[in-house]
Every structure is written in structure tokens, then in C-alpha cells.
Amino acid sequence: MAPSRSGKSGLSRDTFFSGAAIIARQLRPYKKMLIWLSIFGLLNATAQAFVPLISGKIFDAIVKISQDPASVLMPFIILLVVWTILQVASNVISWWTSFQNDKLSTILHTEYTAEGFGRLFEMPLAFHTLQKQGDVNDRIQRAANWLDQIVGNVLLSLLPSFLSIAVALVITFIVNWQLTLVLVAAIIIYAGVLWSAVPRLSGLQKRMHRAWNRAYGDSYDALGNIREIKQAATEKQEKKKVRVNFVNRAAQFWIDLNTVFARLSFAQKMLVSLTQLSIFVISIFFVRNGTLTPGGLVAFNGYAAMILGPFVLLGQQWQTIQNGLVAIVRADKLLAMPIETYTPDGGISLAKLAGDVEFRAVRFAYKSNNETLKGISFHARAGQKIALVGESGVGKTTIIDLLSGFYFPQRGKIFIDGIDIKKMNLRDYRSRIGTVPQEPTLFNDTIEANIRYGNPGKSYDEMVAACRDAYAQEFIEAFPKKYKTVVGWRGVKLSIGQKQRIALARAFLRAPDILVLDEPTSALDAKSEHLIKASFEKLMRGRTTFIIAHRLSTVREVDLILVLKNGEIAEQGSHAELMKLPGGVYRELYEMQAGFGG
């Protein structure tokens, strides 16, 4: 591992220790299992460390047994028994620890994945707006995979081998300290090669991770807009883009990285071979003068493999360590971002809302240098119907996002029933809001599951009644599986009108205190629009309702119309009041739509 300097080359000290801390955090709940694995790993390492010594003595006994069978037979049998016990014990321990290692690695992989994706649900809406879904998913999955490999292949499998090195070095030093120096020299040379070669790979690995993240991010985004791609007939263009991202970029980085590691692996193998050759050559002199027996030479070569083997494996697994730590730290930085504060200190929970909503001089910007709302003030009293109108990009959706507590104003305040929205328990508050969007997005689940989603505790009969109120019961019961019909990805098996009525049934079942309608009838045929309008009249009754209006003909009966322009309320009043304003923004928009038959 290279020392940290600029952090641009090598596995930086910060990345190493940050990654190690994350792994330690994930392992903390399994402290007891790790203690047992460590104990058995130490026992196995000790048993393995004595196997070459016993093997060497058995070899010497075999040589002598032809000369003096009587004196050598009993020691030979004892050595065989000891060797057998050591091997059996080692095999049993290896089997048990290997099983437990795989078990722990799998648990860590699945728990990290579940924890990572679970945390995404608690991230604020701003996080999901700014991040690419595919990029985020890839980061979590890669980190989980590398965590599995680091813990299973390195920490739990490789570290016990290093425990045996200490015992092995002591034994080899006793057998022949001069040959032991050859092994120590090989270890030092190997460490130097690893120290100089590996750090240069960090920059390449980071670029590789970014390339894979981008490839998955772009692919998920494209699949999320498959309808638009089909409409534009750009399938070949997107297919080419995916291929460039995966094959020409991400895969090429991986190939370059593996090329470097293949060269390093070759150097490692050559070093091991040269070390063993050196031992064979030097040992000739010790065998000739009687200070080393043939069995001792056999034992020494066994120890050479035992001592150098873990270092070779470390070199092979260094890619896992470095790739893994970089991936884990990258994912953790993402997941360490602050989640929503659902329950602020002294948070207020209301079982039911009256629906009184007030914006006082609210200013808000998604980006610090570009305000979307510039001092918005209005008061919607409980049970009123309020329409938000204006051209695209003037702040209508932003007002609804602030009303829902997805964002909070940088300046000004929002009050719900006289309570600052920042002081409310967001989960309880949002559960009292119902939304029917312009384009409902359904889960790839049954109709029943989609309608009951977010409505825990509601009975089957209540769900059926909600469908009846939404004029959805007729088409649902026409399906062979009725409410158990799976709607497909994003509700692709249903028509727009059917999806709208399912979204409407969900709102009926929720029975919200505040209702948000994003002009859900704009894309419907005349029959569907007629049915849904009748449902809306019932759903809005007695509820504070906010309507994002695109067709102004639909908001003539509301209590208050807010006309937005450039992030400000240009006009407000009823339809009749606004139509009396000569040259008014609302009047101009209304007459323009009327001229086009809107």
C-alpha cells in the first residue's frame, strides 16, 4: 500500500482506513462468530505449520527404515499417527471455517444490499432528482459484491494463512537459520515489488468504477424512457450508446487493469520459483556437511511454499482489496448523505388535518443562483379549492413539492393548520395528503396491491367501495383475475384512463384531508373524462384541494385561482374576478385556449 500524498495515485491512506472502518462496522454484529473463527483459524494455522516438519521427519524415517527397521519402526508409526491427526484436525477445521466463512460472506452481502437500498427510500427527493438511478444501484451492488469478496476471500480465508507464517518462520529458523534468511529476503523483495507496482493502479481503478457507474446510470435512464425511445425510433442509437459505455469504456478499463495484474502475477510466480531454486542449490552444501537431512530439506521446501504462498495470494487478492475498498468508500459516501428528518425535535403529529394552508413570503431555489419561487404568499382555507395556473416552469409543481414537505423554503414559512410545516412529523403529515398525478405510475403488481398501497389497515370491502367511487369497478371486474390482475411495468397493460381511475381509487381509499390533482383528465377520452370528473366532485367535497391546471376551462368553479408568472403570483382571485381584469395574464391565457378550443 502506497503512502497517501495527493490521493490521486495509489490506494490512499484515507481510502484504506475509511474502507476498513466500514468493513469493521458491518462485521460488528458478528463479533462472537469472528472470535470463534479466529480461534479455529489459529488452531488450523498451528496444525498446518507443523505438517512440513512432521513430513520431513517421516521422509528421514523412511530412508532409515531399510537400515535399522527395529529402531525406526515405532517412531515412524508415531510420526504417521501425529501426521494423520494433524491432517484430519486441519481438514475438519478448514471445512467448518470455510462453511462459516461462506455463510458470513453471504449474510454481509445481502444485509449490505438491503441496508443500502433501504436507505435510499429515506433519502430526500432532492437526492433522487440529482442522482442517476442506475449509477446509485451499481454503486450499492458493486460495494456489496466487493465486501463479500474482501471478507470471504481475504479477511477470513487469507489471514489464517498469515498466522501460520509466524509459527513457520520460528520452525525454519530452528531447522536452518541461513536458509530462513533466503525466505525473508524473498518476502522483502516481493513486498518491494508490490509496493512499487500496485499503487499506480488506483487512478485506473477509480476511472473504471466511474465508467461502470455511468454505463449503468445511462442504461437505467434510457429504459425508464422506453416509450419515448420507441416513439422517436432511436433504439439503434441507444443500443450503440450502451455498447460504447459498457464495451468500449468500462470493459476496456477492466482489461487494462487485469493486464497489469497479470504481469504482477507472473513476476510473483517467477520469484517463488527462483526462491525454491535458491533453496535447492544452497541446501546441497548443508546436506553434504550433515547439518541438514534430506527430510529437513523436504520440510524446508514445504515451509517455503507455506510462507510465500499467502504473499502470492495477497498479490492476487490485492486487486480485490484495492477495488473493493474504493467501491465500498464510494458507495458509503453516497449512502452517508443525510436522510430526511421525518420527526424534528418537538415534532407535531396530527391524526387529522383541517386543511388550512398558508404560504408567507416563500422563496425557494433548487440551485442557489436561480430562484424558482420569489416571495409567494397566499392563504387557502380549509375545504377550499385552489387552482395553480401559468405556463410551464413558473413554479406550480414546486409549490406542491413544498406543500408536501419534499423541500423546505430558504426564506419565508409554510403553515398547515397554523403549524410551521418544519415542525410537523412528515410521515404522519404526508399520510393525510392524497395525490392524483397527470401520469400515474403504478407498481408491477396486482390492481389490489396498487390501490391499497400506502393505505395500511384498509379492508377489502373499503377497497371495492373506493373502486366504485372511482368508476373503476366495472373494468376491473371484466378482467379474468379481477383485482388480482397484474398491471405490468409502470401499468403498461392498462389504458391511461384505467390507470387514472386506479390512482383515483387509491386516493378515495386514503380519504385524505388535503388533495392534490395534477390535471389528471388532460390526456383522457371524452367518456373517461366524464366519469373521472364525476368522481373528482365527490372526492373534493369537504377537502382542501390544489389543482395544477393546464386547461383553464376545468377551473372556473374553484374558490381561488393563483396565476403564476416568473416565480411570482401575478394575479389571484376567482374566475369571474380574473376575467374582469383588462389585459390580465389569466384572461389572456383563457381566451387563447378558448380560441384553440381548449
# chains A, B, ... in the order shown; residues from 1 in each chain; ligands from 1
>>> residues_around(residues="His379 (chain A)", least_positions_apart="6", cutoff="7 Å", atoms="only C-alpha atoms", output="count of residues only")
3
>>> residues_around(residues="Leu515 (chain A)", least_positions_apart="3", cutoff="10 Å", atoms="only C-alpha atoms", output="NGL selection string")
:A and (355 or 383 or 385 or 432-436 or 507 or 511-512 or 539-540 or 543-547)
>>> write_last_selection(atoms="N, CA and C atoms", output="JSON list (two decimals), in the first residue's frame")
[["chain", "number", "residue", "atom", "x", "y", "z"],
["A", 355, "GLY", "N", -56.90, 21.32, 7.08],
["A", 355, "GLY", "CA", -56.58, 21.63, 5.69],
["A", 355, "GLY", "C", -56.35, 23.10, 5.42],
["A", 383, "GLY", "N", -61.05, 23.31, 3.19],
["A", 383, "GLY", "CA", -62.15, 22.95, 2.33],
["A", 383, "GLY", "C", -62.20, 23.70, 1.01],
["A", 385, "LYS", "N", -61.02, 25.06, -2.79],
["A", 385, "LYS", "CA", -60.39, 24.51, -3.99],
["A", 385, "LYS", "C", -59.53, 25.61, -4.60],
["A", 432, "ARG", "N", -51.73, 12.21, 5.25],
["A", 432, "ARG", "CA", -53.01, 12.91, 5.18],
["A", 432, "ARG", "C", -53.18, 13.67, 3.86],
["A", 433, "ILE", "N", -52.22, 13.45, 2.93],
["A", 433, "ILE", "CA", -52.29, 14.09, 1.61],
["A", 433, "ILE", "C", -52.53, 13.02, 0.56],
["A", 434, "GLY", "N", -53.47, 13.27, -0.34],
["A", 434, "GLY", "CA", -53.73, 12.36, -1.45],
["A", 434, "GLY", "C", -53.39, 13.05, -2.76],
["A", 435, "THR", "N", -52.81, 12.29, -3.70],
["A", 435, "THR", "CA", -52.38, 12.88, -4.97],
["A", 435, "THR", "C", -52.88, 12.02, -6.12],
["A", 436, "VAL", "N", -53.41, 12.70, -7.12],
["A", 436, "VAL", "CA", -53.76, 12.04, -8.39],
["A", 436, "VAL", "C", -52.97, 12.77, -9.47],
["A", 507, "ALA", "N", -56.73, 7.24, -4.03],
["A", 507, "ALA", "CA", -57.00, 8.49, -3.29],
["A", 507, "ALA", "C", -58.29, 8.38, -2.48],
["A", 511, "ALA", "N", -58.69, 8.60, 1.73],
["A", 511, "ALA", "CA", -59.55, 9.62, 2.36],
["A", 511, "ALA", "C", -58.71, 10.75, 2.95],
["A", 512, "PRO", "N", -57.97, 11.47, 2.11],
["A", 512, "PRO", "CA", -57.03, 12.49, 2.60],
["A", 512, "PRO", "C", -57.73, 13.74, 3.10],
["A", 539, "LEU", "N", -64.78, 13.33, -4.54],
["A", 539, "LEU", "CA", -63.53, 13.25, -3.79],
["A", 539, "LEU", "C", -63.14, 14.60, -3.19],
["A", 540, "MET", "N", -63.41, 15.69, -3.90],
["A", 540, "MET", "CA", -63.00, 17.02, -3.43],
["A", 540, "MET", "C", -63.93, 17.57, -2.35],
["A", 543, "ARG", "N", -62.79, 18.82, 1.21],
["A", 543, "ARG", "CA", -61.34, 18.70, 1.33],
["A", 543, "ARG", "C", -60.66, 19.90, 0.69],
["A", 544, "THR", "N", -59.58, 20.35, 1.32],
["A", 544, "THR", "CA", -58.75, 21.37, 0.69],
["A", 544, "THR", "C", -58.08, 20.74, -0.52],
["A", 545, "THR", "N", -58.31, 21.34, -1.69],
["A", 545, "THR", "CA", -57.84, 20.72, -2.92],
["A", 545, "THR", "C", -57.00, 21.71, -3.72],
["A", 546, "PHE", "N", -55.83, 21.25, -4.13],
["A", 546, "PHE", "CA", -54.95, 22.03, -5.01],
["A", 546, "PHE", "C", -54.97, 21.38, -6.39],
["A", 547, "ILE", "N", -55.26, 22.18, -7.40],
["A", 547, "ILE", "CA", -55.35, 21.68, -8.77],
["A", 547, "ILE", "C", -54.31, 22.38, -9.62]]
>>> atom_distance(atom1="CA of Val247 (chain A)", atom2="CA of Phe117 (chain A)")
27.0 Å
>>> closest_residue(among="A:Arg119, A:Arg142, A:Val167, A:Glu439", to="Phe50 (chain A)", atoms="only C-alpha atoms")
A:Val167
>>> select_by_dssp(residues="region 363-477 of chain A", states="helix (DSSP H, G or I)", output="JSON, numbers by chain")
{"A": [396, 397, 398, 399, 400, 401, 402, 403, 421, 422, 423, 426, 427, 428, 429, 430, 447, 448, 449, 450, 451, 452, 460, 461, 462, 463, 464, 465, 466, 467, 468, 469, 473, 474, 475, 476, 477]}
>>> write_last_selection(atoms="C-alpha atoms", output="PDB file, in the first residue's frame")
ATOM      1  CA  LYS A 396     -46.670  25.270  -9.956  1.00  0.00           C
ATOM      2  CA  THR A 397     -45.077  21.867  -9.239  1.00  0.00           C
ATOM      3  CA  THR A 398     -42.583  23.490  -6.862  1.00  0.00           C
ATOM      4  CA  ILE A 399     -45.442  24.834  -4.725  1.00  0.00           C
ATOM      5  CA  ILE A 400     -46.876  21.298  -4.486  1.00  0.00           C
ATOM      6  CA  ASP A 401     -43.449  19.878  -3.621  1.00  0.00           C
ATOM      7  CA  LEU A 402     -43.120  22.421  -0.801  1.00  0.00           C
ATOM      8  CA  LEU A 403     -46.682  21.725   0.329  1.00  0.00           C
ATOM      9  CA  ILE A 421     -44.515  22.634   8.316  1.00  0.00           C
ATOM     10  CA  LYS A 422     -40.906  22.238   9.522  1.00  0.00           C
ATOM     11  CA  LYS A 423     -42.245  21.249  12.950  1.00  0.00           C
ATOM     12  CA  LEU A 426     -43.579  14.331   7.923  1.00  0.00           C
ATOM     13  CA  ARG A 427     -44.714  10.706   7.775  1.00  0.00           C
ATOM     14  CA  ASP A 428     -47.977  11.480   9.591  1.00  0.00           C
ATOM     15  CA  TYR A 429     -48.479  14.685   7.636  1.00  0.00           C
ATOM     16  CA  ARG A 430     -47.900  13.129   4.200  1.00  0.00           C
ATOM     17  CA  ILE A 447     -54.546  -3.960  -9.116  1.00  0.00           C
ATOM     18  CA  GLU A 448     -55.437  -4.606  -5.478  1.00  0.00           C
ATOM     19  CA  ALA A 449     -51.861  -4.028  -4.293  1.00  0.00           C
ATOM     20  CA  ASN A 450     -51.657  -0.772  -6.271  1.00  0.00           C
ATOM     21  CA  ILE A 451     -54.906   0.576  -4.860  1.00  0.00           C
ATOM     22  CA  ARG A 452     -54.094  -0.422  -1.285  1.00  0.00           C
ATOM     23  CA  TYR A 460     -61.104  -5.396   1.138  1.00  0.00           C
ATOM     24  CA  ASP A 461     -64.660  -4.045   1.210  1.00  0.00           C
ATOM     25  CA  GLU A 462     -63.342  -0.493   1.628  1.00  0.00           C
ATOM     26  CA  MET A 463     -61.088  -1.014  -1.376  1.00  0.00           C
ATOM     27  CA  VAL A 464     -64.010  -2.218  -3.504  1.00  0.00           C
ATOM     28  CA  ALA A 465     -66.064   0.793  -2.402  1.00  0.00           C
ATOM     29  CA  ALA A 466     -63.186   3.101  -3.395  1.00  0.00           C
ATOM     30  CA  CYS A 467     -63.101   1.480  -6.833  1.00  0.00           C
ATOM     31  CA  ARG A 468     -66.838   2.001  -7.152  1.00  0.00           C
ATOM     32  CA  ASP A 469     -66.465   5.692  -6.296  1.00  0.00           C
ATOM     33  CA  GLN A 473     -65.027  -1.422 -10.575  1.00  0.00           C
ATOM     34  CA  GLU A 474     -66.599  -2.163 -13.973  1.00  0.00           C
ATOM     35  CA  PHE A 475     -63.373  -2.517 -15.963  1.00  0.00           C
ATOM     36  CA  ILE A 476     -61.519  -4.262 -13.095  1.00  0.00           C
ATOM     37  CA  GLU A 477     -64.146  -6.979 -12.739  1.00  0.00           C
TER      38      GLU A 477
END
>>> atom_distance(atom1="CA of Leu517 (chain A)", atom2="CA of Ala549 (chain A)")
8.5 Å
